[in-house]
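Text of final_7.cif, listed as mmCIF, C-alpha atoms:
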```cif
data_my_file
loop_
_atom_site.group_PDB
_atom_site.id
_atom_site.type_symbol
_atom_site.label_atom_id
_atom_site.label_comp_id
_atom_site.auth_asym_id
_atom_site.auth_seq_id
_atom_site.Cartn_x
_atom_site.Cartn_y
_atom_site.Cartn_z
ATOM 1 C CA MET P 2 0.000 0.000 0.000
ATOM 2 C CA ALA P 3 1.362 3.381 -0.996
ATOM 3 C CA LYS P 4 2.191 5.671 1.887
ATOM 4 C CA LEU P 5 -0.099 8.672 2.073
ATOM 5 C CA LYS P 6 1.582 11.984 1.457
ATOM 6 C CA LYS P 7 1.769 14.048 4.605
ATOM 7 C CA PRO P 8 -0.429 17.166 4.321
ATOM 8 C CA LYS P 9 1.272 20.536 4.443
ATOM 9 C CA THR P 10 1.178 22.575 7.618
ATOM 10 C CA ILE P 11 -0.408 26.035 7.632
ATOM 11 C CA ILE P 12 2.953 27.761 7.358
ATOM 12 C CA GLU P 13 4.131 25.415 4.583
ATOM 13 C CA THR P 14 0.979 26.298 2.643
ATOM 14 C CA ILE P 15 1.679 30.016 3.126
ATOM 15 C CA LEU P 16 5.260 29.488 1.936
ATOM 16 C CA ALA P 17 4.072 27.714 -1.231
ATOM 17 C CA TRP P 18 1.550 30.511 -1.877
ATOM 18 C CA SER P 19 4.203 33.200 -1.435
ATOM 19 C CA GLN P 20 6.545 31.530 -3.940
ATOM 20 C CA LYS P 21 4.034 31.683 -6.783
ATOM 21 C CA ASP P 22 3.525 35.342 -7.572
ATOM 22 C CA ARG P 23 4.049 37.410 -4.437
ATOM 23 C CA PRO P 24 6.382 40.451 -4.739
ATOM 24 C CA ASP P 25 9.680 40.350 -2.894
ATOM 25 C CA TRP P 26 8.632 42.882 -0.244
ATOM 26 C CA GLN P 27 5.678 40.691 0.757
ATOM 27 C CA ARG P 28 7.865 37.586 0.955
ATOM 28 C CA ASP P 29 10.305 39.546 3.116
ATOM 29 C CA ALA P 30 7.399 40.686 5.291
ATOM 30 C CA LEU P 31 6.241 37.076 5.689
ATOM 31 C CA ARG P 32 9.734 36.065 6.811
ATOM 32 C CA ARG P 33 9.693 38.773 9.486
ATOM 33 C CA ILE P 34 6.198 37.778 10.613
ATOM 34 C CA VAL P 35 7.109 34.092 10.898
ATOM 35 C CA ALA P 36 10.276 34.936 12.820
ATOM 36 C CA SER P 37 9.087 37.705 15.141
ATOM 37 C CA GLY P 38 5.348 38.295 14.816
ATOM 38 C CA THR P 39 3.872 41.665 13.845
ATOM 39 C CA PRO P 40 6.566 43.901 12.240
ATOM 40 C CA ASN P 41 7.566 47.011 14.187
ATOM 41 C CA GLU P 42 7.955 50.534 12.794
ATOM 42 C CA GLY P 43 11.564 49.895 11.755
ATOM 43 C CA ASP P 44 10.470 46.822 9.797
ATOM 44 C CA ILE P 45 7.687 48.789 8.124
ATOM 45 C CA ASN P 46 10.099 51.485 6.929
ATOM 46 C CA GLU P 47 12.444 48.853 5.510
ATOM 47 C CA LEU P 48 9.555 47.089 3.775
ATOM 48 C CA LEU P 49 8.428 50.443 2.362
ATOM 49 C CA ASP P 50 11.851 50.857 0.733
ATOM 50 C CA LEU P 51 11.678 47.323 -0.670
ATOM 51 C CA CYS P 52 8.204 48.029 -2.048
ATOM 52 C CA LYS P 53 9.491 51.155 -3.805
ATOM 53 C CA LYS P 54 12.468 49.220 -5.135
ATOM 54 C CA GLY P 55 10.101 46.641 -6.611
ATOM 55 C CA HIS P 56 8.358 49.434 -8.493
ATOM 56 C CA GLY P 57 11.456 50.994 -10.026
ATOM 57 C CA ASP P 58 13.079 53.091 -7.293
ATOM 58 C CA ASN P 59 16.748 52.471 -8.082
ATOM 59 C CA SER P 60 17.922 54.588 -5.149
ATOM 60 C CA VAL P 61 17.052 51.784 -2.690
ATOM 61 C CA ILE P 62 20.102 49.631 -1.966
ATOM 62 C CA ALA P 63 18.425 47.245 0.508
ATOM 63 C CA THR P 64 17.828 43.668 -0.628
ATOM 64 C CA ALA P 65 14.820 41.569 0.325
ATOM 65 C CA GLU P 66 15.364 38.372 2.300
ATOM 66 C CA LEU P 67 12.603 36.082 1.111
ATOM 67 C CA LEU P 68 10.674 33.605 3.229
ATOM 68 C CA GLU P 69 12.140 30.172 2.592
ATOM 69 C CA GLU P 70 11.798 26.698 4.033
ATOM 70 C CA LYS P 71 14.794 27.289 6.308
ATOM 71 C CA HIS P 72 12.800 29.958 8.165
ATOM 72 C CA LEU P 73 9.963 27.557 9.035
ATOM 73 C CA PRO P 74 9.759 25.586 12.280
ATOM 74 C CA VAL P 75 11.138 22.088 11.797
ATOM 75 C CA ASP P 76 8.712 19.170 11.753
ATOM 76 C CA PRO P 77 10.410 16.392 13.775
ATOM 77 C CA GLY P 78 8.534 13.751 11.805
ATOM 78 C CA GLU P 79 5.688 11.347 12.427
ATOM 79 C CA GLY P 80 5.882 9.720 15.848
ATOM 80 C CA GLU P 81 8.900 11.789 16.874
ATOM 81 C CA SER P 82 8.965 14.392 19.608
ATOM 82 C CA ILE P 83 11.668 16.804 20.677
ATOM 83 C CA GLY P 84 11.864 18.295 24.146
ATOM 84 C CA LEU P 85 14.261 20.482 26.079
ATOM 85 C CA ALA P 86 16.407 18.620 28.604
ATOM 86 C CA SER P 87 18.822 21.302 29.795
ATOM 87 C CA MET P 88 20.398 24.672 29.116
ATOM 88 C CA GLU P 89 23.930 25.619 30.128
ATOM 89 C CA THR P 90 27.110 27.523 29.230
ATOM 90 C CA VAL P 91 25.257 30.720 28.345
ATOM 91 C CA ILE P 92 27.688 33.368 27.068
ATOM 92 C CA GLY P 93 27.130 37.035 26.272
ATOM 93 C CA VAL P 94 23.611 37.382 27.689
ATOM 94 C CA ASN P 95 22.605 39.994 30.264
ATOM 95 C CA GLN P 96 24.778 39.388 33.301
ATOM 96 C CA LEU P 97 23.978 35.709 33.658
ATOM 97 C CA ALA P 98 26.408 33.924 35.911
ATOM 98 C CA PRO P 99 28.817 31.606 34.052
ATOM 99 C CA ASN P 100 28.875 27.824 34.345
ATOM 100 C CA GLN P 101 25.217 27.586 35.383
ATOM 101 C CA LYS P 102 22.945 24.800 34.231
ATOM 102 C CA LEU P 103 19.156 24.640 34.090
ATOM 103 C CA GLU P 104 17.671 21.157 33.912
ATOM 104 C CA PHE P 105 14.123 20.594 32.678
ATOM 105 C CA GLN P 106 11.778 17.742 33.454
ATOM 106 C CA ILE P 107 11.390 15.729 30.281
ATOM 107 C CA ASP P 108 8.029 14.275 31.330
ATOM 108 C CA GLY P 109 6.297 16.751 33.594
ATOM 109 C CA LEU P 110 6.539 20.350 34.677
ATOM 110 C CA SER P 111 9.613 22.360 35.654
ATOM 111 C CA ILE P 112 9.232 25.559 37.685
ATOM 112 C CA ILE P 113 12.036 28.109 37.650
ATOM 113 C CA TYR P 114 11.735 30.890 40.195
ATOM 114 C CA GLY P 115 13.886 33.667 41.559
ATOM 115 C CA ALA P 116 13.976 37.294 42.611
ATOM 116 C CA ASN P 117 13.745 40.176 40.150
ATOM 117 C CA GLY P 118 17.000 40.524 38.235
ATOM 118 C CA SER P 119 18.106 36.972 38.905
ATOM 119 C CA GLY P 120 18.166 36.116 35.182
ATOM 120 C CA LYS P 121 14.867 34.385 34.463
ATOM 121 C CA SER P 122 14.017 36.648 31.531
ATOM 122 C CA GLY P 123 17.554 36.371 30.156
ATOM 123 C CA TYR P 124 17.287 32.600 29.901
ATOM 124 C CA VAL P 125 13.835 32.876 28.318
ATOM 125 C CA ARG P 126 15.114 35.306 25.677
ATOM 126 C CA VAL P 127 17.753 32.779 24.679
ATOM 127 C CA LEU P 128 15.158 29.999 24.466
ATOM 128 C CA LYS P 129 12.808 32.139 22.393
ATOM 129 C CA LYS P 130 15.546 33.087 19.951
ATOM 130 C CA ALA P 131 17.048 29.593 19.734
ATOM 131 C CA CYS P 132 13.663 27.906 19.248
ATOM 132 C CA ARG P 133 12.423 30.606 16.829
ATOM 133 C CA ALA P 134 9.416 31.578 18.896
ATOM 134 C CA ARG P 135 6.930 34.049 17.473
ATOM 135 C CA HIS P 136 7.733 37.481 18.879
ATOM 136 C CA ALA P 137 11.201 36.278 19.819
ATOM 137 C CA GLY P 138 12.538 39.760 20.529
ATOM 138 C CA GLU P 139 16.194 40.620 20.962
ATOM 139 C CA ILE P 140 18.737 39.225 23.393
ATOM 140 C CA MET P 141 20.343 41.799 25.676
ATOM 141 C CA PRO P 142 24.140 41.374 25.539
ATOM 142 C CA ASP P 143 26.497 41.206 28.491
ATOM 143 C CA ILE P 144 28.585 44.376 28.193
ATOM 144 C CA HIS P 145 30.981 43.214 30.932
ATOM 145 C CA HIS P 146 31.659 39.745 29.523
ATOM 146 C CA PRO P 147 30.746 39.840 25.804
ATOM 147 C CA SER P 148 30.785 36.797 23.584
ATOM 148 C CA PRO P 149 34.039 36.392 21.592
ATOM 149 C CA THR P 150 32.035 36.341 18.356
ATOM 150 C CA GLY P 151 29.665 39.117 19.376
ATOM 151 C CA ASN P 152 26.713 36.697 19.322
ATOM 152 C CA ALA P 153 25.011 35.099 22.306
ATOM 153 C CA LYS P 154 25.849 31.422 22.784
ATOM 154 C CA ALA P 155 24.455 28.533 24.805
ATOM 155 C CA ARG P 156 24.449 24.751 24.968
ATOM 156 C CA LEU P 157 20.951 23.301 24.745
ATOM 157 C CA SER P 158 20.382 19.583 25.194
ATOM 158 C CA ILE P 159 17.321 18.106 23.515
ATOM 159 C CA SER P 160 15.538 14.855 24.283
ATOM 160 C CA LYS P 161 13.945 12.606 21.675
ATOM 161 C CA SER P 162 11.188 10.040 21.884
ATOM 162 C CA ASP P 163 13.704 7.179 22.082
ATOM 163 C CA GLY P 164 15.094 8.656 25.306
ATOM 164 C CA SER P 165 18.359 9.888 23.788
ATOM 165 C CA ILE P 166 19.810 13.274 24.811
ATOM 166 C CA THR P 167 21.639 15.348 22.198
ATOM 167 C CA PRO P 168 23.653 18.466 23.125
ATOM 168 C CA ILE P 169 23.498 21.364 20.660
ATOM 169 C CA ASP P 170 25.902 24.309 20.708
ATOM 170 C CA TRP P 171 23.704 27.231 19.656
ATOM 171 C CA GLU P 172 24.794 30.691 18.506
ATOM 172 C CA ASP P 173 22.537 33.653 17.793
ATOM 173 C CA LYS P 174 22.891 33.933 14.027
ATOM 174 C CA PRO P 175 20.589 33.298 11.037
ATOM 175 C CA GLY P 176 19.814 29.656 10.260
ATOM 176 C CA SER P 177 21.419 28.389 13.445
ATOM 177 C CA ASN P 178 20.414 24.871 14.599
ATOM 178 C CA PRO P 179 17.051 24.416 12.826
ATOM 179 C CA GLU P 180 16.162 21.328 14.900
ATOM 180 C CA LEU P 181 15.611 23.579 17.933
ATOM 181 C CA SER P 182 12.651 25.197 16.145
ATOM 182 C CA ALA P 183 10.651 22.005 16.820
ATOM 183 C CA ILE P 184 10.462 23.153 20.468
ATOM 184 C CA THR P 185 7.635 25.544 21.277
ATOM 185 C CA VAL P 186 8.400 28.476 23.582
ATOM 186 C CA PHE P 187 5.450 30.516 24.759
ATOM 187 C CA ASP P 188 5.330 33.563 27.052
ATOM 188 C CA LYS P 189 3.234 36.696 27.502
ATOM 189 C CA ASP P 190 4.820 38.378 24.468
ATOM 190 C CA CYS P 191 4.128 35.349 22.278
ATOM 191 C CA ALA P 192 0.583 35.315 23.620
ATOM 192 C CA SER P 193 -0.100 38.651 21.934
ATOM 193 C CA VAL P 194 0.522 36.913 18.607
ATOM 194 C CA HIS P 195 -2.115 34.248 19.247
ATOM 195 C CA LEU P 196 -4.709 36.102 21.297
ATOM 196 C CA GLN P 197 -6.542 38.907 19.551
ATOM 197 C CA LYS P 198 -9.206 40.331 21.838
ATOM 198 C CA LYS P 199 -10.426 42.655 19.135
ATOM 199 C CA ASN P 200 -11.549 39.634 17.101
ATOM 200 C CA GLU P 201 -14.520 37.382 17.668
ATOM 201 C CA VAL P 202 -12.236 34.348 17.629
ATOM 202 C CA TRP P 203 -9.816 34.854 20.508
ATOM 203 C CA PHE P 204 -7.581 31.880 19.770
ATOM 204 C CA ARG P 205 -6.341 30.731 16.420
ATOM 205 C CA PRO P 206 -3.997 27.838 15.642
ATOM 206 C CA PHE P 207 -0.367 28.692 15.002
ATOM 207 C CA GLY P 208 0.024 30.235 11.560
ATOM 208 C CA LEU P 209 -3.506 31.474 10.928
ATOM 209 C CA ASP P 210 -2.558 34.922 12.228
ATOM 210 C CA ILE P 211 0.093 35.344 9.502
ATOM 211 C CA PRO P 212 -2.322 36.504 6.733
ATOM 212 C CA ASP P 213 -3.809 39.060 9.138
ATOM 213 C CA ASP P 214 -0.352 40.419 9.929
ATOM 214 C CA LEU P 215 0.519 40.626 6.228
ATOM 215 C CA ALA P 216 -2.735 42.484 5.532
ATOM 216 C CA SER P 217 -1.915 44.881 8.376
ATOM 217 C CA VAL P 218 1.529 45.504 6.895
ATOM 218 C CA SER P 219 -0.024 46.218 3.488
ATOM 219 C CA ILE P 220 -2.417 48.770 4.997
ATOM 220 C CA ARG P 221 0.388 50.516 6.880
ATOM 221 C CA LEU P 222 2.480 50.739 3.713
ATOM 222 C CA LYS P 223 -0.507 52.085 1.781
ATOM 223 C CA ASP P 224 -1.020 54.795 4.410
ATOM 224 C CA LYS P 225 2.653 55.793 4.251
ATOM 225 C CA LEU P 226 2.641 55.896 0.451
ATOM 226 C CA SER P 227 -0.564 57.957 0.414
ATOM 227 C CA PHE P 228 0.985 60.434 2.853
ATOM 228 C CA GLU P 229 4.112 60.754 0.716
ATOM 229 C CA ARG P 230 2.000 61.267 -2.402
ATOM 230 C CA THR P 231 0.042 64.048 -0.685
ATOM 231 C CA GLN P 232 3.289 65.772 0.235
ATOM 232 C CA LEU P 233 4.612 65.488 -3.324
ATOM 233 C CA ASP P 234 1.339 66.826 -4.748
ATOM 234 C CA GLN P 235 1.680 69.866 -2.490
ATOM 235 C CA LEU P 236 5.157 70.514 -3.897
ATOM 236 C CA ARG P 237 3.955 70.191 -7.487
ATOM 237 C CA ASN P 238 3.913 73.439 -9.437
ATOM 238 C CA PRO P 239 0.255 74.295 -10.238
ATOM 239 C CA ALA P 240 1.355 75.353 -13.723
ATOM 240 C CA PHE P 241 1.517 71.653 -14.644
ATOM 241 C CA ASP P 242 -2.122 71.140 -13.627
ATOM 242 C CA ASN P 243 -3.333 74.115 -15.682
ATOM 243 C CA PRO P 244 -0.651 74.650 -18.348
ATOM 244 C CA ILE P 245 -0.139 78.211 -19.574
ATOM 245 C CA TRP P 246 1.908 77.104 -22.570
ATOM 246 C CA SER P 247 0.833 75.941 -25.995
ATOM 247 C CA PRO P 248 0.752 72.132 -26.246
ATOM 248 C CA VAL P 249 1.830 72.304 -29.912
ATOM 249 C CA SER P 250 4.903 74.508 -29.509
ATOM 250 C CA THR P 251 8.363 73.020 -29.096
ATOM 251 C CA ILE P 252 8.696 74.316 -25.540
ATOM 252 C CA GLY P 253 5.118 73.295 -24.707
ATOM 253 C CA LYS P 254 5.699 69.738 -25.880
ATOM 254 C CA ALA P 255 8.913 69.533 -23.863
ATOM 255 C CA LEU P 256 7.261 70.823 -20.679
ATOM 256 C CA SER P 257 4.226 68.551 -21.082
ATOM 257 C CA SER P 258 6.410 65.474 -21.432
ATOM 258 C CA LEU P 259 8.538 66.111 -18.336
ATOM 259 C CA LYS P 260 8.913 63.138 -15.985
ATOM 260 C CA ASP P 261 10.996 62.375 -12.926
ATOM 261 C CA ASP P 262 13.724 60.841 -15.094
ATOM 262 C CA SER P 263 13.567 63.264 -18.059
ATOM 263 C CA ASP P 264 16.817 64.453 -19.594
ATOM 264 C CA LEU P 265 16.799 68.199 -18.927
ATOM 265 C CA SER P 266 19.938 68.848 -20.959
ATOM 266 C CA VAL P 267 17.913 69.071 -24.176
ATOM 267 C CA LEU P 268 16.020 72.042 -22.721
ATOM 268 C CA LYS P 269 19.146 74.085 -22.125
ATOM 269 C CA PRO P 270 19.857 76.798 -24.746
ATOM 270 C CA LYS P 271 22.627 76.027 -27.188
ATOM 271 C CA LYS P 272 24.178 79.465 -26.736
ATOM 272 C CA GLU P 273 24.403 81.966 -23.906
ATOM 273 C CA PHE P 274 21.691 84.625 -23.399
ATOM 274 C CA SER P 275 23.436 87.751 -24.716
ATOM 275 C CA GLU P 276 22.920 91.448 -23.969
ATOM 276 C CA ALA P 277 21.237 91.784 -27.354
ATOM 277 C CA ASP P 278 18.815 88.994 -26.391
ATOM 278 C CA GLU P 279 18.081 90.764 -23.118
ATOM 279 C CA ALA P 280 17.359 94.067 -24.977
ATOM 280 C CA ARG P 281 15.082 92.272 -27.435
ATOM 281 C CA LEU P 282 13.220 90.580 -24.551
ATOM 282 C CA LEU P 283 12.589 93.947 -22.893
ATOM 283 C CA GLU P 284 11.355 95.334 -26.216
ATOM 284 C CA LEU P 285 8.932 92.424 -26.674
ATOM 285 C CA GLN P 286 7.665 92.758 -23.104
ATOM 286 C CA ALA P 287 7.027 96.467 -23.715
ATOM 287 C CA ASP P 288 5.163 95.730 -26.942
ATOM 288 C CA LEU P 289 3.035 93.031 -25.293
ATOM 289 C CA GLY P 290 2.206 95.455 -22.484
ATOM 290 C CA LYS P 291 0.546 97.952 -24.871
ATOM 291 C CA ASP P 292 -3.137 98.161 -25.651
ATOM 292 C CA PRO P 293 -3.691 95.505 -28.368
ATOM 293 C CA ALA P 294 -6.049 97.723 -30.407
ATOM 294 C CA LYS P 295 -3.649 100.675 -30.471
ATOM 295 C CA ALA P 296 -0.711 98.380 -31.205
ATOM 296 C CA ALA P 297 -2.593 96.828 -34.122
ATOM 297 C CA ALA P 298 -3.510 100.237 -35.521
ATOM 298 C CA ALA P 299 0.097 101.372 -35.269
#
```

Structure rendered as C-alpha cells:
Amino acid sequence: MAKLKKPKTIIETILAWSQKDRPDWQRDALRRIVASGTPNEGDINELLDLCKKGHGDNSVIATAELLEEKHLPVDPGEGESIGLASMETVIGVNQLAPNQKLEFQIDGLSIIYGANGSGKSGYVRVLKKACRARHAGEIMPDIHHPSPTGNAKARLSISKSDGSITPIDWEDKPGSNPELSAITVFDKDCASVHLQKKNEVWFRPFGLDIPDDLASVSIRLKDKLSFERTQLDQLRNPAFDNPIWSPVSTIGKALSSLKDDSDLSVLKPKKEFSEADEARLLELQADLGKDPAKAAAA
C-alpha cells in the first residue's frame, strides 16, 4: 500500500503561496512575521523601501530576504517528539552567571523561580531566539563579559522520543540549529501573537494569524505611500495642472512630457543669453504690455 503523502502545515501552505507570484517585499514581510510576529515601525520602513524598489526606485540599496523553508519551524517527523532537557554555558547574555545549568523535566513540569533581576528573563530570551518563537525579541548582551564572536551562545540539550539526549551548541545567528525550532516556547509576548481580543475568535492555531499580519503591513504601507503622495502633490507646481503654454509649440511639448527621469539637458539653450537677447526681450515685453487695439492700428 502506498504511503499517504503528509499534508502541508499552515505555514508550509503560506510558503508555497508566497513563492508563486508574491512580490519580494511581501515575501520579506512574511519572513519577518514568521520569525518575530507583527513587524515594528523599523520593519515597516524597511519594507516600504523594498516596495518602492520593486516598483522601479533604483535609489534603494536594501535587498529583500525572502521567506524560505529554512525559516519555518522544523517538523520532527511522524511519531517523533523533541523536548528540552537542559540549558547551560550561556555566554554574552545579560549578566547571567557563568557555568550555570538549568535542567528541565522531560516528562512533567519544571518551575524556575527567583527574585527580580536573577536572570529568568535572560534565559527565556535565549530559548525564544534559539527555538524561533513568534515574537522572539532581541537578546540583551552582556557588556561586561561579551561573547568572543559578538553573538550570544548557549548549549541546549534536547531529548527525543527514544530517550536519547543530544547536546546542541547554539549561537545567535541566522539559520542556526534548525532542529531547535521544533520546540515551542510561549510567554506573555508570544501570547499577543495568538490572542486577539479585538476579534470574535480569541484563539487561532499557530500560523492562521500570519495573513492578518501581512494584511496589516499592506495597509500601513498604503497609508505611508498615500501620505508621501500628498506631500509630493503639495510641492507640485500648479502650472503643470493648468498649463499656460501651448501644447503644440516646441517648448510646450517639452514641458508637457517632463517626468521624474527626463533628460533636462535638451532644454538648455545652445548658446548663452546675450545682452542683445536681453534688450530684445525687454522690447517684446514692452510691446506686449501695450493696448492691443492701439498696437494693431500702429

Please evaluate the PyMOL selection byres ((chain P and resi 170) around 8) against the structure above and give the resulting residues as a PyMOL selection string. chain P and resi 154-157+168-169+171-172

Given 3 Å on each side, where is the centre and what are the edge lengths in Å to one decimal of the axis-aligned box enclosing the listed atoms of range 277-290 of chain P, as JSON?
```
{"center_x": 11.7, "center_y": 92.7, "center_z": -25.0, "size_x": 25.0, "size_y": 13.5, "size_z": 11.0}
```

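Once the PyMOL selection byres ((chain P and resi 90-98) around 6) is applied to the depicted file, the selected set reads P:Glu89, P:Pro99, P:Asn100, P:Met141, P:Pro142, P:Asp143, P:Pro147, P:Ser148, P:Ala153, P:Lys154, P:Ala155, P:Arg156.
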
Point-to-point distance in Å for CA of Ala183 in chain P and CA of Ile159 in chain P: 10.2 Å

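For the pair CA of Glu180 in chain P and CA of Cys132 in chain P, the interatomic distance is 8.3 Å.
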
Point (7.2, 75.8, -24.4) neighbourhood (12 Å, all atoms listed in the file) written as a tab-separated table (two decimals) with C-alpha atoms, in the coordinates of the input:
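Here's the written file point_20.tsv:
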```tsv
chain	number	residue	atom	x	y	z
P	244	PRO	CA	-0.65	74.65	-18.35
P	245	ILE	CA	-0.14	78.21	-19.57
P	246	TRP	CA	1.91	77.10	-22.57
P	247	SER	CA	0.83	75.94	-26.00
P	248	PRO	CA	0.75	72.13	-26.25
P	249	VAL	CA	1.83	72.30	-29.91
P	250	SER	CA	4.90	74.51	-29.51
P	251	THR	CA	8.36	73.02	-29.10
P	252	ILE	CA	8.70	74.32	-25.54
P	253	GLY	CA	5.12	73.30	-24.71
P	254	LYS	CA	5.70	69.74	-25.88
P	255	ALA	CA	8.91	69.53	-23.86
P	256	LEU	CA	7.26	70.82	-20.68
P	257	SER	CA	4.23	68.55	-21.08
P	258	SER	CA	6.41	65.47	-21.43
P	259	LEU	CA	8.54	66.11	-18.34
P	268	LEU	CA	16.02	72.04	-22.72
```

Between P:Leu233, P:Ile62, P:Ile140, P:Ile211, which one has atoms that come closest to Tyr124 in chain P, using all atoms listed in the file? P:Ile140
